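The file my_file.cif contains mmCIF, C-alpha atoms:
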```cif
data_model
#
loop_
_atom_site.label_atom_id
_atom_site.label_comp_id
_atom_site.auth_asym_id
_atom_site.auth_seq_id
_atom_site.Cartn_x
_atom_site.Cartn_y
_atom_site.Cartn_z
CA MET I 1 -28.06 4.37 -0.49
CA LEU I 2 -24.63 5.83 -1.20
CA LYS I 3 -21.63 4.15 0.37
CA LYS I 4 -19.66 6.28 2.79
CA GLY I 5 -16.16 6.91 1.51
CA LEU I 6 -17.15 7.59 -2.10
CA LYS I 7 -16.75 11.11 -3.44
CA ILE I 8 -20.19 10.89 -5.05
CA ASN I 9 -21.66 10.49 -1.55
CA SER I 10 -20.08 13.73 -0.38
CA ILE I 11 -20.98 15.53 -3.62
CA LEU I 12 -24.65 14.56 -3.66
CA THR I 13 -25.30 14.90 0.07
CA GLY I 14 -23.15 18.00 0.69
CA SER I 15 -21.40 16.27 3.57
CA CYS I 16 -17.87 16.87 4.80
CA PRO I 17 -15.48 15.46 2.20
CA LYS I 18 -13.05 14.12 4.83
CA CYS I 19 -15.35 12.29 7.27
CA GLN I 20 -18.77 12.49 5.56
CA GLU I 21 -20.46 12.74 8.95
CA GLU I 22 -22.30 16.08 8.69
CA SER I 23 -23.49 18.63 6.17
CA MET I 24 -21.14 21.43 5.19
CA TYR I 25 -24.08 23.84 4.97
CA VAL I 26 -25.77 25.75 7.77
CA SER I 27 -29.26 24.89 6.49
CA ASN I 28 -30.56 21.92 4.53
CA ASN I 29 -33.07 24.22 2.77
CA MET I 30 -31.14 25.41 -0.27
CA TYR I 31 -34.10 27.46 -1.52
CA ASN I 32 -33.84 29.91 1.38
CA PRO I 33 -31.83 32.75 -0.23
CA ASN I 34 -30.11 33.62 3.06
CA TYR I 35 -28.68 30.10 3.40
CA THR I 36 -28.22 28.86 -0.17
CA ILE I 37 -24.42 28.85 0.00
CA LYS I 38 -23.84 29.71 3.68
CA MET I 39 -21.42 27.11 5.00
CA ASN I 40 -20.14 26.13 8.40
CA ASP I 41 -16.55 27.22 9.03
CA SER I 42 -15.38 23.70 9.81
CA CYS I 43 -16.64 20.18 10.45
CA SER I 44 -17.62 19.55 14.07
CA HIS I 45 -16.53 15.90 13.77
CA CYS I 46 -13.12 15.95 12.09
CA GLY I 47 -12.27 19.67 12.22
CA THR I 48 -11.79 20.09 8.47
CA ARG I 49 -11.90 23.74 7.47
CA TYR I 50 -14.08 24.23 4.41
CA LYS I 51 -12.67 27.58 3.30
CA ILE I 52 -9.14 26.44 2.61
CA GLU I 53 -8.05 29.94 1.60
CA PRO I 54 -9.74 33.29 0.92
CA SER I 55 -11.85 33.18 -2.24
CA PHE I 56 -11.45 29.40 -2.41
CA PHE I 57 -14.89 28.82 -3.90
CA TYR I 58 -14.36 31.19 -6.85
CA GLY I 59 -13.13 28.11 -8.69
CA ALA I 60 -16.58 26.59 -8.23
CA MET I 61 -17.84 29.07 -10.85
CA TYR I 62 -16.10 27.04 -13.55
CA VAL I 63 -17.69 23.86 -12.25
CA SER I 64 -21.03 25.68 -12.07
CA TYR I 65 -20.79 26.52 -15.76
CA ALA I 66 -20.27 22.86 -16.67
CA VAL I 67 -23.07 21.69 -14.38
CA GLY I 68 -25.40 24.36 -15.78
CA VAL I 69 -24.63 23.29 -19.35
CA ALA I 70 -25.33 19.66 -18.41
CA PHE I 71 -28.71 20.59 -16.89
CA GLY I 72 -29.50 22.82 -19.88
CA VAL I 73 -28.73 20.06 -22.39
CA ALA I 74 -30.79 17.60 -20.37
CA ALA I 75 -33.71 20.05 -20.29
CA PHE I 76 -33.44 20.59 -24.05
CA VAL I 77 -33.46 16.86 -24.75
CA ILE I 78 -36.49 16.37 -22.52
CA PHE I 79 -38.47 19.30 -23.92
CA TYR I 80 -37.56 18.98 -27.59
CA PHE I 81 -37.25 15.24 -28.15
CA PHE I 82 -39.43 13.64 -25.48
CA LEU I 83 -42.19 16.23 -25.13
CA LYS I 84 -42.00 17.16 -28.86
CA THR I 85 -42.15 20.93 -28.27
CA ASP I 86 -40.92 23.58 -30.70
CA LEU I 87 -37.57 25.34 -30.21
CA LYS I 88 -39.09 28.41 -28.58
CA THR I 89 -40.86 26.33 -25.93
CA ALA I 90 -37.73 24.23 -25.42
CA PHE I 91 -35.72 27.44 -24.86
CA ILE I 92 -38.24 28.67 -22.30
CA GLY I 93 -38.07 25.24 -20.65
CA ILE I 94 -34.26 25.45 -20.46
CA CYS I 95 -34.44 28.92 -18.88
CA GLY I 96 -37.06 27.79 -16.37
CA THR I 97 -35.06 24.69 -15.49
CA LEU I 98 -31.85 26.67 -14.93
CA LEU I 99 -33.62 29.32 -12.85
CA GLY I 100 -35.48 26.76 -10.78
CA LEU I 101 -32.41 24.63 -10.16
CA MET I 102 -29.98 27.51 -9.57
CA PRO I 103 -29.60 26.83 -5.80
CA LEU I 104 -28.99 23.14 -6.52
CA ILE I 105 -26.41 23.99 -9.19
CA MET I 106 -24.63 26.40 -6.84
CA ARG I 107 -24.37 23.85 -4.03
CA LEU I 108 -23.50 20.99 -6.33
CA SER I 109 -20.67 22.96 -7.92
CA ARG I 110 -19.25 23.86 -4.48
CA ASN I 111 -19.45 20.22 -3.44
CA ILE I 112 -17.62 19.09 -6.56
CA TRP I 113 -14.98 21.81 -6.19
CA ILE I 114 -14.09 21.02 -2.57
CA ASN I 115 -13.96 17.30 -3.36
CA PHE I 116 -11.20 18.01 -5.88
CA PHE I 117 -8.97 19.07 -2.99
CA ILE I 118 -10.08 17.05 0.05
CA SER I 119 -10.41 13.27 0.02
CA TYR I 120 -12.19 10.89 2.35
CA ASP I 121 -10.04 9.64 5.21
CA LYS I 122 -11.29 6.44 6.82
CA ASP I 123 -8.91 7.01 9.75
CA TRP I 124 -10.07 10.57 10.46
CA LYS I 125 -10.85 9.67 14.09
CA ASN I 126 -7.22 8.71 14.69
CA ASP I 127 -6.02 12.03 13.23
CA ILE I 128 -8.05 13.98 15.81
CA LYS I 129 -6.46 12.16 18.77
CA LYS I 130 -2.94 13.16 17.69
#
```

Please, can you express the file's structure as structure tokens?
Amino acid sequence: MLKKGLKINSILTGSCPKCQEESMYVSNNMYNPNYTIKMNDSCSHCGTRYKIEPSFFYGAMYVSYAVGVAFGVAAFVIFYFFLKTDLKTAFIGICGTLLGLMPLIMRLSRNIWINFFISYDKDWKNDIKK
């Protein structure tokens, strides 16, 4: 569906931003609290280290805020305008949406953050041989 080499592919699938061959996460089940944000240390294909420096993913909190606001606004529009609920019900819908999608928002923000710093390399196989 998504073309390999595009950042959106790595962001939506959670794959390595350099080679896009495997998932950065230990488990595909993001709703298991023990593995929501547990990541592999490096990619087994291209060797890219995911934790570039200590506390690298603290910057993902800023991205998480923006992603959470986007999901909250989308939930409000759906509840208030499409489902024609009152403001109180729309607020409860926003809270439920954000709580239910919290693991997705956490992973998505990490994926976006790491893709700011690491780009796809179509010649990653040649870099390993050197």

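Comparing the minimum interatomic distances between I:Ala66 and each of I:Ile112, I:Phe81, I:Lys38, I:Ile52, counting all atoms listed in the file, we find that I:Ile112 sits nearest.
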
Within 7 Å of stretch 72-77 of chain I, counting all atoms listed in the file, which residues qualify if same-chain residues fewer than 4 places away don't, as an mmCIF file with C-alpha atoms, in the frame of the given file?
```cif
data_model
loop_
_atom_site.group_PDB
_atom_site.id
_atom_site.type_symbol
_atom_site.label_atom_id
_atom_site.label_comp_id
_atom_site.auth_asym_id
_atom_site.auth_seq_id
_atom_site.Cartn_x
_atom_site.Cartn_y
_atom_site.Cartn_z
ATOM 1 C CA GLY I 68 -25.400 24.360 -15.780
ATOM 2 C CA PHE I 81 -37.250 15.240 -28.150
ATOM 3 C CA PHE I 82 -39.430 13.640 -25.480
ATOM 4 C CA ALA I 90 -37.730 24.230 -25.420
ATOM 5 C CA GLY I 93 -38.070 25.240 -20.650
ATOM 6 C CA ILE I 94 -34.260 25.450 -20.460
ATOM 7 C CA THR I 97 -35.060 24.690 -15.490
ATOM 8 C CA LEU I 98 -31.850 26.670 -14.930
#
```

Task: I:Ile105 environment, 10 Å, all atoms listed in the file, sequence neighbours closer than 5 positions dropped, as a ChimeraX atom specification - done: /I:63-68,71,98-100,110-111

Open item on the list: Please compute the atom CA of I:Thr36-atom CA of I:Phe117 distance, one decimal, in Å.
Closed with: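 If I compute the distance from atom CA of I:Thr36 to atom CA of I:Phe117, I get 21.8 Å.
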
Task: I:Ser44 environment, 10 Å, only C-alpha atoms, sequence neighbours closer than 6 positions dropped, as a PyMOL selection string - done: chain I and resi 16+21-24

Open item on the list: For a test of reading the model, state the distance in Å between atom CA of I:Gly47 and atom CA of I:Ile8, rounded to one decimal.
Closed with: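 Those two atoms sit 20.9 Å apart.
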
Open item on the list: Under the rule that all atoms listed in the file are counted, which of I:Gly5, I:Pro33, I:Pro17, I:Gly96 is the nearest residue to I:Ile114?
Closed with: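 Selected residue with least distance to I:Ile114: I:Pro17.
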
Enclosing box along x, y and z for every listed atom of stretch 9-12 of chain I, padded 6 Å each side, centre and size in Å, one decimal, as JSON:
```
{"center_x": -22.4, "center_y": 13.0, "center_z": -2.0, "size_x": 16.6, "size_y": 17.0, "size_z": 15.3}
```

Task: Protein, DNA and RNA residues within 12 Å of (-19.3, 12.2, -4.0), only C-alpha atoms, as a ChimeraX atom specification - done: /I:2-20,108-116,118-120

TODO: Could you check which of I:Val69, I:Ala60, I:Pro103, I:Leu87 is closest to I:Asn34, using all atoms listed in the file?
DONE: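 Counting all atoms listed in the file, the residue closest to I:Asn34 is I:Pro103.
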
Task: Among listed residues I:Cys46, I:Cys95, I:Ile37, I:Met102, nearest I:Lys122 (using only C-alpha atoms) - done: I:Cys46

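Between atom CA of I:Ser55 and atom CA of I:Asp123 the separation is 28.9 Å.
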